[in-house]
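Undergrad: Below you will find the structure I want to go over with you.
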Amino acid sequence: MGTNNLPQEKINPIAAKGFRVWQQKNCQSCHQLYGLGGYMGPDLTNIMSDSLKGEPYARVFMTNGSAKMPNLSLSAEQINELTAFLKWVDKSGHSRVDKREVTKWGNYSMDN
C-alpha cells in the first residue's frame, strides 16, 4: 500500500474530531480500517462509497446500534464527525494493508 495510497487530502478539523471519536469509543476493537482492527464488525475503510450501503447505512448503525453492535449513545455532532472521518478514510480506496507492511506488533508502518 505505502504512503502514496493514503488519502492525499489533509484531514479537516471535523474529520479529525471523528478520528478522536473513533478512538474514544474504541471502534477499532470490533471494526477494521485498512484490514487492521477487530473482527466482530466489518472493515469500514470503504463503507461510505459502498453502493449498497454508504453513508445512510452507516449513520443508522451509528445512531441505533444493532444486535451485535451496541448503541454507543453518540450525539448528532459525534455522528457527523465520525461520518466525516470515515469519508476521509474512504478516499484512500484500499481496504487491505499488504501483509509486508504490517509490523511485528500488528500495526501499519507508514515508513514502508
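Starting from 1 in every chain, residues are counted up; chains themselves are A, B, ... following the order of the C-alpha cells, and ligands are numbered from 1 as listed.
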Need the shell around Trp22 of chain A: protein/DNA/RNA residues with any atom at most 9 Å away, counting only C-alpha atoms. Skip same-chain ones fewer than 5 positions apart. Format as a ChimeraX atom specification?

TA: /A:17,27-28,82,85

Undergrad: Filtering to N, CA and C atoms, could you give me those residues as a CSV table (one decimal), in the first residue's frame?

TA:
```csv
chain,number,residue,atom,x,y,z
A,17,LYS,N,-11.8,15.3,14.5
A,17,LYS,CA,-12.7,15.1,15.6
A,17,LYS,C,-13.3,13.7,15.6
A,27,CYS,N,-13.7,2.0,18.6
A,27,CYS,CA,-14.3,1.4,17.4
A,27,CYS,C,-13.4,0.3,16.8
A,28,GLN,N,-12.1,0.5,16.9
A,28,GLN,CA,-11.1,-0.5,16.3
A,28,GLN,C,-11.1,-1.8,17.0
A,82,LEU,N,-17.8,11.5,13.0
A,82,LEU,CA,-17.3,10.1,12.6
A,82,LEU,C,-17.6,9.9,11.2
A,85,PHE,N,-14.9,11.5,9.2
A,85,PHE,CA,-13.6,10.7,9.3
A,85,PHE,C,-13.7,9.5,8.4
```

Undergrad: What lies within 12 Å of segment 53-65 of chain A using only C-alpha atoms, ignoring chain neighbours under 4 positions off, as a PyMOL selection string?

TA: chain A and resi 21-22+25+27+41-49+69-87+90

Undergrad: Would you mind reading off the distance between atom CA of Glu9 of chain A and atom CA of Met40 of chain A, one decimal, in Å?

TA: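 Between atom CA of Glu9 of chain A and atom CA of Met40 of chain A the gap works out to 29.7 Å.
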
Undergrad: Report, in Å with one decimal, the straight-line distance from atom CA of Ile11 of chain A to atom CA of Trp88 of chain A.

TA: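 One can read the atom CA of Ile11 of chain A to atom CA of Trp88 of chain A distance as 6.9 Å.
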
Undergrad: When DSSP is applied to the backbone of this structure, which of segment 1-89 of chain A are assigned strand (DSSP E or B)? Write them out as a short mmCIF file (atom, residue, chain, number, x, y, z; two decimals) with N, CA and C atoms, in the first residue's frame.

TA:
```
data_model
loop_
_atom_site.label_atom_id
_atom_site.label_comp_id
_atom_site.auth_asym_id
_atom_site.auth_seq_id
_atom_site.Cartn_x
_atom_site.Cartn_y
_atom_site.Cartn_z
N GLN A 32 -12.39 -2.81 11.47
CA GLN A 32 -11.09 -2.59 10.87
C GLN A 32 -11.11 -1.35 9.98
N LEU A 33 -9.94 -0.76 9.85
CA LEU A 33 -9.64 0.20 8.80
C LEU A 33 -8.41 -0.36 8.11
N LEU A 36 -7.06 -3.72 9.36
CA LEU A 36 -6.45 -3.84 10.68
C LEU A 36 -7.45 -3.42 11.75
N GLY A 37 -7.59 -4.22 12.77
CA GLY A 37 -8.50 -3.94 13.86
C GLY A 37 -9.23 -5.20 14.26
N ASP A 43 -14.96 -4.40 8.06
CA ASP A 43 -13.96 -3.40 7.72
C ASP A 43 -14.72 -2.18 7.19
#
```

Undergrad: Could you check how far atom CA of Gly38 of chain A sits from atom CA of Lys91 of chain A, in Å to one decimal?

TA: 21.3 Å

Undergrad: Looking only at alpha helix (DSSP H) from DSSP on the backbone, list the matching residues of segment 7-85 of chain A as a ChimeraX atom specification.

TA: /A:13-24,54-64,76-85
